[in-house]
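Novice: My file is target-v5.cif. It has mmCIF, C-alpha atoms:
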data_target
#
loop_
_atom_site.label_atom_id
_atom_site.label_comp_id
_atom_site.auth_asym_id
_atom_site.auth_seq_id
_atom_site.Cartn_x
_atom_site.Cartn_y
_atom_site.Cartn_z
CA ASP B 445 34.68 -76.17 -30.29
CA ALA B 446 37.04 -77.66 -27.72
CA MET B 447 35.04 -79.29 -24.94
CA VAL B 448 37.57 -80.27 -22.26
CA ILE B 449 40.68 -78.14 -22.20
CA GLN B 450 43.80 -78.83 -20.21
CA ASN B 451 46.63 -76.41 -19.60
CA PRO B 452 49.47 -76.64 -19.93
CA ARG B 453 49.91 -79.62 -22.26
CA TYR B 454 53.44 -80.16 -20.97
CA GLN B 455 54.68 -79.20 -17.52
CA VAL B 456 58.15 -79.57 -16.09
CA THR B 457 58.61 -79.12 -12.38
CA GLN B 458 61.37 -79.71 -9.90
CA PHE B 459 61.34 -82.35 -7.21
CA GLY B 460 59.35 -80.98 -4.27
CA LYS B 461 58.17 -77.83 -6.03
CA PRO B 462 54.37 -77.44 -5.95
CA VAL B 463 52.63 -77.55 -9.28
CA THR B 464 49.06 -76.90 -10.44
CA LEU B 465 47.40 -78.36 -13.49
CA SER B 466 44.19 -76.88 -14.82
CA CYS B 467 41.15 -78.16 -16.62
CA SER B 468 38.15 -76.34 -18.03
CA GLN B 469 35.04 -77.55 -19.79
CA THR B 470 32.41 -76.05 -22.06
CA LEU B 471 29.95 -78.94 -21.65
CA ASN B 472 28.35 -77.71 -18.41
CA HIS B 473 28.74 -81.21 -16.97
CA ASN B 474 28.13 -81.87 -13.30
CA VAL B 475 31.06 -84.20 -12.82
CA MET B 476 34.76 -83.57 -13.32
CA TYR B 477 37.46 -86.22 -12.87
CA TRP B 478 41.22 -86.37 -12.57
CA TYR B 479 43.10 -89.49 -13.72
CA GLN B 480 46.79 -90.32 -13.54
CA GLN B 481 48.22 -92.43 -16.34
CA LYS B 482 51.77 -93.70 -16.20
CA SER B 483 53.59 -94.95 -19.24
CA SER B 484 51.97 -98.02 -20.86
CA GLN B 485 49.45 -98.30 -18.03
CA ALA B 486 45.72 -97.78 -17.71
CA PRO B 487 44.37 -94.47 -16.39
CA LYS B 488 43.84 -94.51 -12.64
CA LEU B 489 41.21 -92.32 -11.04
CA LEU B 490 42.55 -89.93 -8.39
CA PHE B 491 39.32 -88.14 -7.44
CA HIS B 492 36.22 -86.54 -8.85
CA TYR B 493 33.80 -83.73 -8.11
CA TYR B 494 30.05 -84.13 -8.43
CA ASP B 495 29.08 -80.48 -8.48
CA LYS B 496 30.83 -79.23 -5.33
CA ASP B 497 31.03 -82.61 -3.63
CA PHE B 498 34.57 -83.94 -3.58
CA ASN B 499 35.12 -87.71 -3.84
CA ASN B 500 38.61 -88.97 -3.13
CA GLU B 501 39.74 -92.46 -4.12
CA ALA B 502 40.97 -94.43 -1.13
CA ASP B 503 44.49 -94.92 -2.44
CA THR B 504 45.11 -91.40 -3.73
CA PRO B 505 48.15 -89.99 -1.90
CA ASP B 506 47.65 -86.92 0.31
CA ASN B 507 50.18 -85.16 -1.92
CA PHE B 508 47.40 -84.73 -4.48
CA GLN B 509 44.68 -82.15 -3.90
CA SER B 510 41.96 -80.68 -6.07
CA ARG B 511 39.85 -77.56 -6.26
CA ARG B 512 36.72 -76.80 -8.22
CA PRO B 513 35.90 -73.10 -7.88
CA ASN B 514 32.99 -73.24 -10.34
CA THR B 515 31.26 -75.58 -12.79
CA SER B 516 33.72 -74.92 -15.59
CA PHE B 517 37.08 -75.21 -13.89
CA CYS B 518 38.91 -77.85 -11.89
CA PHE B 519 42.50 -77.84 -10.67
CA LEU B 520 44.91 -80.56 -9.65
CA ASP B 521 47.52 -79.50 -7.10
CA ILE B 522 50.55 -81.63 -6.39
CA ARG B 523 52.03 -80.28 -3.20
CA SER B 524 55.47 -81.89 -3.31
CA PRO B 525 56.03 -83.75 -6.56
CA GLY B 526 58.25 -86.78 -6.44
CA LEU B 527 59.92 -88.55 -9.34
CA GLY B 528 57.18 -91.17 -9.16
CA ASP B 529 54.55 -88.54 -9.93
CA ALA B 530 55.80 -88.10 -13.47
CA ALA B 531 52.85 -89.12 -15.61
CA MET B 532 50.11 -87.98 -17.93
CA TYR B 533 47.27 -86.34 -16.02
CA LEU B 534 43.90 -86.59 -17.68
CA CYS B 535 40.85 -84.51 -16.88
CA ALA B 536 37.41 -85.79 -17.83
CA THR B 537 33.80 -84.71 -17.44
CA SER B 538 30.42 -86.39 -17.53
CA ARG B 539 26.79 -85.73 -16.90
CA GLY B 540 25.50 -86.41 -13.42
CA GLY B 541 22.47 -88.46 -12.41
CA GLN B 542 21.73 -92.03 -11.49
CA GLY B 543 22.85 -93.73 -14.68
CA ALA B 544 26.27 -94.32 -16.15
CA TYR B 545 27.40 -91.84 -18.75
CA GLU B 546 30.27 -91.56 -21.13
CA GLN B 547 33.19 -89.48 -20.01
CA TYR B 548 34.73 -86.77 -22.16
CA PHE B 549 38.48 -86.50 -21.81
CA GLY B 550 40.84 -83.63 -22.32
CA PRO B 551 44.13 -84.10 -24.20
CA GLY B 552 46.08 -84.47 -20.97
CA THR B 553 49.01 -82.73 -19.31
CA ARG B 554 52.30 -84.58 -19.36
CA LEU B 555 54.17 -83.86 -16.15
CA THR B 556 57.92 -84.26 -15.91
CA VAL B 557 59.65 -84.07 -12.53
CA THR B 558 63.35 -83.25 -12.54
CA SER E 380 43.55 -106.23 -8.51
CA GLN E 381 40.39 -104.25 -9.14
CA GLN E 382 41.39 -103.75 -12.74
CA GLY E 383 39.97 -105.86 -15.49
CA GLU E 384 42.28 -107.78 -17.69
CA GLU E 385 42.42 -107.34 -21.42
CA ASP E 386 43.86 -109.61 -23.99
CA PRO E 387 45.76 -109.60 -26.09
CA GLN E 388 48.10 -106.95 -24.65
CA ALA E 389 49.18 -106.14 -28.19
CA LEU E 390 47.75 -106.95 -31.60
CA SER E 391 49.19 -106.28 -35.04
CA ILE E 392 47.06 -106.78 -38.15
CA GLN E 393 46.87 -105.66 -41.77
CA GLU E 394 44.45 -103.06 -43.02
CA GLY E 395 41.14 -104.61 -43.93
CA GLU E 396 41.38 -107.39 -41.34
CA ASN E 397 39.16 -107.61 -38.28
CA ALA E 398 40.50 -107.00 -34.79
CA THR E 399 39.05 -108.57 -31.65
CA MET E 400 39.93 -107.48 -28.14
CA ASN E 401 38.69 -109.12 -24.97
CA CYS E 402 38.06 -107.79 -21.49
CA SER E 403 37.46 -109.81 -18.34
CA TYR E 404 36.46 -108.52 -14.94
CA LYS E 405 35.92 -109.96 -11.47
CA THR E 406 32.97 -108.18 -9.86
CA SER E 407 29.42 -107.78 -11.11
CA ILE E 408 28.72 -104.75 -13.25
CA ASN E 409 25.84 -102.52 -14.30
CA ASN E 410 27.54 -101.46 -17.49
CA LEU E 411 30.82 -101.60 -19.38
CA GLN E 412 32.40 -98.94 -21.54
CA TRP E 413 35.08 -99.07 -24.22
CA TYR E 414 37.50 -96.21 -24.92
CA ARG E 415 40.19 -95.58 -27.51
CA GLN E 416 43.42 -93.70 -26.84
CA ASN E 417 45.71 -92.53 -29.57
CA SER E 418 49.36 -92.31 -28.60
CA GLY E 419 49.96 -89.59 -26.00
CA ARG E 420 46.42 -88.26 -26.19
CA GLY E 421 43.21 -88.30 -24.19
CA LEU E 422 40.66 -91.07 -24.34
CA VAL E 423 37.67 -91.15 -26.65
CA HIS E 424 34.49 -92.95 -25.71
CA LEU E 425 33.40 -95.67 -28.15
CA ILE E 426 30.48 -97.65 -26.73
CA LEU E 427 28.62 -98.14 -23.45
CA ILE E 428 26.86 -101.49 -23.02
CA ARG E 429 24.52 -102.13 -20.09
CA SER E 430 24.36 -105.37 -18.15
CA ASN E 431 20.98 -106.28 -19.68
CA GLU E 432 22.36 -105.94 -23.21
CA ARG E 433 24.25 -108.67 -25.02
CA GLU E 434 25.45 -106.86 -28.09
CA LYS E 435 25.81 -103.33 -29.35
CA HIS E 436 26.96 -101.87 -32.65
CA SER E 437 28.38 -98.53 -33.69
CA GLY E 438 29.61 -98.24 -37.26
CA ARG E 439 32.45 -100.74 -37.67
CA LEU E 440 32.46 -101.50 -33.94
CA ARG E 441 30.65 -104.38 -32.30
CA VAL E 442 30.70 -104.97 -28.56
CA THR E 443 29.40 -108.08 -26.83
CA LEU E 444 28.86 -108.67 -23.16
CA ASP E 445 28.56 -111.99 -21.36
CA THR E 446 27.79 -111.31 -17.71
CA SER E 447 27.80 -115.01 -16.84
CA LYS E 448 31.43 -115.22 -17.94
CA LYS E 449 32.25 -111.71 -16.75
CA SER E 450 33.70 -110.83 -20.11
CA SER E 451 33.24 -108.45 -23.01
CA SER E 452 34.74 -108.20 -26.46
CA LEU E 453 35.27 -105.38 -28.92
CA LEU E 454 35.36 -106.22 -32.61
CA ILE E 455 36.61 -103.71 -35.17
CA THR E 456 35.73 -104.81 -38.69
CA ALA E 457 37.59 -103.83 -41.85
CA SER E 458 40.32 -102.10 -39.86
CA ARG E 459 42.12 -99.00 -41.07
CA ALA E 460 45.52 -97.56 -40.27
CA ALA E 461 43.72 -94.80 -38.36
CA ASP E 462 42.40 -97.45 -35.93
CA THR E 463 45.93 -97.80 -34.55
CA ALA E 464 45.54 -96.96 -30.86
CA SER E 465 45.18 -98.46 -27.40
CA TYR E 466 41.75 -99.73 -26.47
CA PHE E 467 40.51 -99.92 -22.90
CA CYS E 468 37.45 -101.38 -21.29
CA ALA E 469 36.17 -99.60 -18.19
CA ARG E 470 33.61 -100.47 -15.57
CA GLY E 471 31.85 -98.37 -12.99
CA ARG E 472 28.96 -95.97 -12.86
CA ARG E 473 30.94 -92.81 -12.27
CA ALA E 474 34.37 -93.73 -10.89
CA LEU E 475 35.72 -95.81 -13.75
CA THR E 476 38.16 -98.66 -13.33
CA PHE E 477 40.02 -99.27 -16.56
CA GLY E 478 41.33 -102.56 -17.84
CA SER E 479 44.96 -103.01 -18.75
CA GLY E 480 44.35 -102.18 -22.41
CA THR E 481 45.15 -103.65 -25.82
CA ARG E 482 47.62 -101.88 -28.13
CA LEU E 483 46.38 -102.29 -31.68
CA GLN E 484 48.68 -101.69 -34.64
CA VAL E 485 47.08 -101.68 -38.08
CA GLN E 486 49.63 -101.96 -40.85
CA PRO E 487 48.75 -100.14 -44.10
#
If you took the structure in this file and wrote it as structure tokens, what would it be?
Specialist:
Amino acid sequence: DAMVIQNPRYQVTQFGKPVTLSCSQTLNHNVMYWYQQKSSQAPKLLFHYYDKDFNNEADTPDNFQSRRPNTSFCFLDIRSPGLGDAAMYLCATSRGGQGAYEQYFGPGTRLTVT
Amino acid sequence: SQQGEEDPQALSIQEGENATMNCSYKTSINNLQWYRQNSGRGLVHLILIRSNEREKHSGRLRVTLDTSKKSSSLLITASRAADTASYFCARGRRALTFGSGTRLQVQP
């Protein structure tokens, strides 16, 4: 009964080689989020989709892109990974609407850049 | 920084003891959430408290909110080894800003 699934759990990529991380959900939630979490730090929001509307955080580097082809899936594309992009990438979902709602997180993808 | 601050940064206690973690923030809020993260895993939602609430309970968890002091606390009573994790407060309606976190170690 997995709710937010992330693949792969571990990803190794080379410096400058594009990489895609994937997230899927079975909750039928309107909103999907991508967070970056570096070692011993708090998660930092990169962007989120409310349905098909994309919302980018002001300080998210252009190197990071996202796609949401349908309600269930969301992808994080890193066009040219640098050593500083090594981190845990967390996908989360929540209901939409006017209120604040809890977010459901996936287990994360740990990205290593060599 | 937009992030909230949490203290202590790290806390080590014995099983059965209570653990208190504090979160402070700078801007006004509509709600505050608390999450737990086990080592190397995703986050799990614990409690959401709204700005018009002062206290909320869930099992062994108790969260308080003082909007005049811009602070919140999370109390875990009768702690267990399985409570060992990092705990984060987060504010925001949709785009969450997480605090710096408290690493809790519960010794069996």
Novice: Could you tell me which residues of chain B sit within 12 Å of chain E when counting only C-alpha atoms, and give me the result as an mmCIF file with C-alpha atoms, in the frame of the given file?
Specialist:
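Okay, part.cif is ready:
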data_model
loop_
_atom_site.group_PDB
_atom_site.id
_atom_site.type_symbol
_atom_site.label_atom_id
_atom_site.label_comp_id
_atom_site.auth_asym_id
_atom_site.auth_seq_id
_atom_site.Cartn_x
_atom_site.Cartn_y
_atom_site.Cartn_z
ATOM 1 C CA VAL B 448 37.570 -80.270 -22.260
ATOM 2 C CA ILE B 449 40.680 -78.140 -22.200
ATOM 3 C CA GLN B 450 43.800 -78.830 -20.210
ATOM 4 C CA ARG B 453 49.910 -79.620 -22.260
ATOM 5 C CA TYR B 454 53.440 -80.160 -20.970
ATOM 6 C CA ASN B 474 28.130 -81.870 -13.300
ATOM 7 C CA VAL B 475 31.060 -84.200 -12.820
ATOM 8 C CA MET B 476 34.760 -83.570 -13.320
ATOM 9 C CA TYR B 477 37.460 -86.220 -12.870
ATOM 10 C CA TRP B 478 41.220 -86.370 -12.570
ATOM 11 C CA TYR B 479 43.100 -89.490 -13.720
ATOM 12 C CA GLN B 480 46.790 -90.320 -13.540
ATOM 13 C CA GLN B 481 48.220 -92.430 -16.340
ATOM 14 C CA LYS B 482 51.770 -93.700 -16.200
ATOM 15 C CA SER B 483 53.590 -94.950 -19.240
ATOM 16 C CA SER B 484 51.970 -98.020 -20.860
ATOM 17 C CA GLN B 485 49.450 -98.300 -18.030
ATOM 18 C CA ALA B 486 45.720 -97.780 -17.710
ATOM 19 C CA PRO B 487 44.370 -94.470 -16.390
ATOM 20 C CA LYS B 488 43.840 -94.510 -12.640
ATOM 21 C CA LEU B 489 41.210 -92.320 -11.040
ATOM 22 C CA LEU B 490 42.550 -89.930 -8.390
ATOM 23 C CA PHE B 491 39.320 -88.140 -7.440
ATOM 24 C CA HIS B 492 36.220 -86.540 -8.850
ATOM 25 C CA TYR B 493 33.800 -83.730 -8.110
ATOM 26 C CA TYR B 494 30.050 -84.130 -8.430
ATOM 27 C CA ASN B 499 35.120 -87.710 -3.840
ATOM 28 C CA ASN B 500 38.610 -88.970 -3.130
ATOM 29 C CA GLU B 501 39.740 -92.460 -4.120
ATOM 30 C CA ALA B 502 40.970 -94.430 -1.130
ATOM 31 C CA ALA B 531 52.850 -89.120 -15.610
ATOM 32 C CA MET B 532 50.110 -87.980 -17.930
ATOM 33 C CA TYR B 533 47.270 -86.340 -16.020
ATOM 34 C CA LEU B 534 43.900 -86.590 -17.680
ATOM 35 C CA CYS B 535 40.850 -84.510 -16.880
ATOM 36 C CA ALA B 536 37.410 -85.790 -17.830
ATOM 37 C CA THR B 537 33.800 -84.710 -17.440
ATOM 38 C CA SER B 538 30.420 -86.390 -17.530
ATOM 39 C CA ARG B 539 26.790 -85.730 -16.900
ATOM 40 C CA GLY B 540 25.500 -86.410 -13.420
ATOM 41 C CA GLY B 541 22.470 -88.460 -12.410
ATOM 42 C CA GLN B 542 21.730 -92.030 -11.490
ATOM 43 C CA GLY B 543 22.850 -93.730 -14.680
ATOM 44 C CA ALA B 544 26.270 -94.320 -16.150
ATOM 45 C CA TYR B 545 27.400 -91.840 -18.750
ATOM 46 C CA GLU B 546 30.270 -91.560 -21.130
ATOM 47 C CA GLN B 547 33.190 -89.480 -20.010
ATOM 48 C CA TYR B 548 34.730 -86.770 -22.160
ATOM 49 C CA PHE B 549 38.480 -86.500 -21.810
ATOM 50 C CA GLY B 550 40.840 -83.630 -22.320
ATOM 51 C CA PRO B 551 44.130 -84.100 -24.200
ATOM 52 C CA GLY B 552 46.080 -84.470 -20.970
ATOM 53 C CA THR B 553 49.010 -82.730 -19.310
ATOM 54 C CA ARG B 554 52.300 -84.580 -19.360
#
Novice: With all atoms listed in the file as the atoms that count, which of B:Gln458, B:Thr464, B:Thr470, B:Thr556 lies nearest to Asp529 (chain B)?
Specialist: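 Residue with the minimum atom-to-atom distance to Asp529 (chain B): B:Thr556.
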Novice: Pick from E:Lys435, E:Ala460, E:Ser430, E:Glu384: nearest to Ser447 (chain E), with all atoms listed in the file counted?
Specialist: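 Looking only at the distances to Ser447 (chain E), the closest residue turns out to be E:Ser430.
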Novice: Which distance in Å separates CA of Ala457 (chain E) and CA of Gly395 (chain E), to one decimal?
Specialist: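 Value for the CA of Ala457 (chain E)-CA of Gly395 (chain E) distance: 4.2 Å.
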Novice: Got a sec to resolve the PyMOL selection byres ((chain E and resi 486) around 7) on this structure and send the residues as a list in words?
Specialist: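 So the PyMOL selection byres ((chain E and resi 486) around 7) ends up selecting Ile392, Gln393, Glu394, Ala460, Gln484, Val485 and Pro487 of chain E.
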Novice: Can you work out the spacing between CA of Glu434 (chain E) and CA of Lys449 (chain E) in Å, to one decimal?
Specialist: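 Separation between CA of Glu434 (chain E) and CA of Lys449 (chain E): 14.1 Å.
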Novice: On this file, the PyMOL selection byres ((chain E and resi 456) around 6) gives some set of residues; write that set as a list in words.
Specialist: Asn397, Arg439, Ile455, Ala457 and Ser458 of chain E
Novice: What is the CA of Thr446 (chain E) to CA of Met400 (chain E) distance in Å?
Specialist: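 Answer for the CA of Thr446 (chain E) to CA of Met400 (chain E) separation: 16.5 Å.
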Novice: With the file shown as input, list the residues that the PyMOL selection byres ((chain B and resi 511-528) around 6) selects, as a PyMOL selection string.
Specialist: chain B and resi 459-469+507-510+529-530+557
Novice: Write a file of the just-selected residues containing C-alpha atoms, as a PDB file, in the frame of the given file.
Specialist:
ATOM      1  CA  PHE B 459      61.340 -82.350  -7.210  1.00  0.00           C
ATOM      2  CA  GLY B 460      59.350 -80.980  -4.270  1.00  0.00           C
ATOM      3  CA  LYS B 461      58.170 -77.830  -6.030  1.00  0.00           C
ATOM      4  CA  PRO B 462      54.370 -77.440  -5.950  1.00  0.00           C
ATOM      5  CA  VAL B 463      52.630 -77.550  -9.280  1.00  0.00           C
ATOM      6  CA  THR B 464      49.060 -76.900 -10.440  1.00  0.00           C
ATOM      7  CA  LEU B 465      47.400 -78.360 -13.490  1.00  0.00           C
ATOM      8  CA  SER B 466      44.190 -76.880 -14.820  1.00  0.00           C
ATOM      9  CA  CYS B 467      41.150 -78.160 -16.620  1.00  0.00           C
ATOM     10  CA  SER B 468      38.150 -76.340 -18.030  1.00  0.00           C
ATOM     11  CA  GLN B 469      35.040 -77.550 -19.790  1.00  0.00           C
ATOM     12  CA  ASN B 507      50.180 -85.160  -1.920  1.00  0.00           C
ATOM     13  CA  PHE B 508      47.400 -84.730  -4.480  1.00  0.00           C
ATOM     14  CA  GLN B 509      44.680 -82.150  -3.900  1.00  0.00           C
ATOM     15  CA  SER B 510      41.960 -80.680  -6.070  1.00  0.00           C
ATOM     16  CA  ASP B 529      54.550 -88.540  -9.930  1.00  0.00           C
ATOM     17  CA  ALA B 530      55.800 -88.100 -13.470  1.00  0.00           C
ATOM     18  CA  VAL B 557      59.650 -84.070 -12.530  1.00  0.00           C
TER      19      VAL B 557
END
Novice: Write region 456-471 of chain E as a PDB file, in the coordinates of the input, completed to N, CA, C and O atoms.
Specialist:
ATOM      1  N   THR E 456      35.726-104.168 -37.381  1.00  0.00           N
ATOM      2  CA  THR E 456      35.730-104.810 -38.690  1.00  0.00           C
ATOM      3  C   THR E 456      36.404-103.906 -39.724  1.00  0.00           C
ATOM      4  O   THR E 456      36.425-102.681 -39.588  1.00  0.00           O
ATOM      5  N   ALA E 457      36.963-104.549 -40.734  1.00  0.00           N
ATOM      6  CA  ALA E 457      37.590-103.830 -41.850  1.00  0.00           C
ATOM      7  C   ALA E 457      38.499-102.713 -41.330  1.00  0.00           C
ATOM      8  O   ALA E 457      38.302-101.525 -41.627  1.00  0.00           O
ATOM      9  N   SER E 458      39.476-103.085 -40.554  1.00  0.00           N
ATOM     10  CA  SER E 458      40.320-102.100 -39.860  1.00  0.00           C
ATOM     11  C   SER E 458      41.062-101.196 -40.832  1.00  0.00           C
ATOM     12  O   SER E 458      41.347-101.553 -41.984  1.00  0.00           O
ATOM     13  N   ARG E 459      41.384-100.012 -40.318  1.00  0.00           N
ATOM     14  CA  ARG E 459      42.120 -99.000 -41.070  1.00  0.00           C
ATOM     15  C   ARG E 459      43.351 -98.587 -40.282  1.00  0.00           C
ATOM     16  O   ARG E 459      43.396 -98.758 -39.070  1.00  0.00           O
ATOM     17  N   ALA E 460      44.314 -98.019 -40.969  1.00  0.00           N
ATOM     18  CA  ALA E 460      45.520 -97.560 -40.270  1.00  0.00           C
ATOM     19  C   ALA E 460      45.181 -96.584 -39.153  1.00  0.00           C
ATOM     20  O   ALA E 460      45.823 -96.555 -38.094  1.00  0.00           O
ATOM     21  N   ALA E 461      44.135 -95.798 -39.357  1.00  0.00           N
ATOM     22  CA  ALA E 461      43.720 -94.800 -38.360  1.00  0.00           C
ATOM     23  C   ALA E 461      43.153 -95.456 -37.094  1.00  0.00           C
ATOM     24  O   ALA E 461      42.977 -94.769 -36.085  1.00  0.00           O
ATOM     25  N   ASP E 462      42.886 -96.754 -37.130  1.00  0.00           N
ATOM     26  CA  ASP E 462      42.400 -97.450 -35.930  1.00  0.00           C
ATOM     27  C   ASP E 462      43.546 -97.774 -34.969  1.00  0.00           C
ATOM     28  O   ASP E 462      43.305 -98.267 -33.866  1.00  0.00           O
ATOM     29  N   THR E 463      44.776 -97.563 -35.410  1.00  0.00           N
ATOM     30  CA  THR E 463      45.930 -97.800 -34.550  1.00  0.00           C
ATOM     31  C   THR E 463      45.824 -96.965 -33.288  1.00  0.00           C
ATOM     32  O   THR E 463      45.754 -95.737 -33.349  1.00  0.00           O
ATOM     33  N   ALA E 464      45.768 -97.637 -32.142  1.00  0.00           N
ATOM     34  CA  ALA E 464      45.540 -96.960 -30.860  1.00  0.00           C
ATOM     35  C   ALA E 464      45.560 -98.014 -29.763  1.00  0.00           C
ATOM     36  O   ALA E 464      45.675 -99.211 -30.028  1.00  0.00           O
ATOM     37  N   SER E 465      45.424 -97.542 -28.522  1.00  0.00           N
ATOM     38  CA  SER E 465      45.180 -98.460 -27.400  1.00  0.00           C
ATOM     39  C   SER E 465      43.692 -98.438 -27.092  1.00  0.00           C
ATOM     40  O   SER E 465      43.050 -97.385 -27.158  1.00  0.00           O
ATOM     41  N   TYR E 466      43.176 -99.593 -26.750  1.00  0.00           N
ATOM     42  CA  TYR E 466      41.750 -99.730 -26.470  1.00  0.00           C
ATOM     43  C   TYR E 466      41.582-100.248 -25.047  1.00  0.00           C
ATOM     44  O   TYR E 466      42.225-101.217 -24.645  1.00  0.00           O
ATOM     45  N   PHE E 467      40.721 -99.580 -24.302  1.00  0.00           N
ATOM     46  CA  PHE E 467      40.510 -99.920 -22.900  1.00  0.00           C
ATOM     47  C   PHE E 467      39.037-100.204 -22.643  1.00  0.00           C
ATOM     48  O   PHE E 467      38.161 -99.477 -23.129  1.00  0.00           O
ATOM     49  N   CYS E 468      38.772-101.232 -21.851  1.00  0.00           N
ATOM     50  CA  CYS E 468      37.450-101.380 -21.290  1.00  0.00           C
ATOM     51  C   CYS E 468      37.432-100.704 -19.925  1.00  0.00           C
ATOM     52  O   CYS E 468      38.492-100.541 -19.294  1.00  0.00           O
ATOM     53  N   ALA E 469      36.276-100.292 -19.481  1.00  0.00           N
ATOM     54  CA  ALA E 469      36.170 -99.600 -18.190  1.00  0.00           C
ATOM     55  C   ALA E 469      34.833 -99.940 -17.570  1.00  0.00           C
ATOM     56  O   ALA E 469      33.817 -99.985 -18.256  1.00  0.00           O
ATOM     57  N   ARG E 470      34.847-100.172 -16.272  1.00  0.00           N
ATOM     58  CA  ARG E 470      33.610-100.470 -15.570  1.00  0.00           C
ATOM     59  C   ARG E 470      33.435 -99.495 -14.420  1.00  0.00           C
ATOM     60  O   ARG E 470      34.397 -98.925 -13.917  1.00  0.00           O
ATOM     61  N   GLY E 471      32.163 -99.311 -14.056  1.00  0.00           N
ATOM     62  CA  GLY E 471      31.850 -98.370 -12.990  1.00  0.00           C
ATOM     63  C   GLY E 471      30.761 -97.437 -13.449  1.00  0.00           C
ATOM     64  O   GLY E 471      30.570 -97.238 -14.650  1.00  0.00           O
TER      65      GLY E 471
END
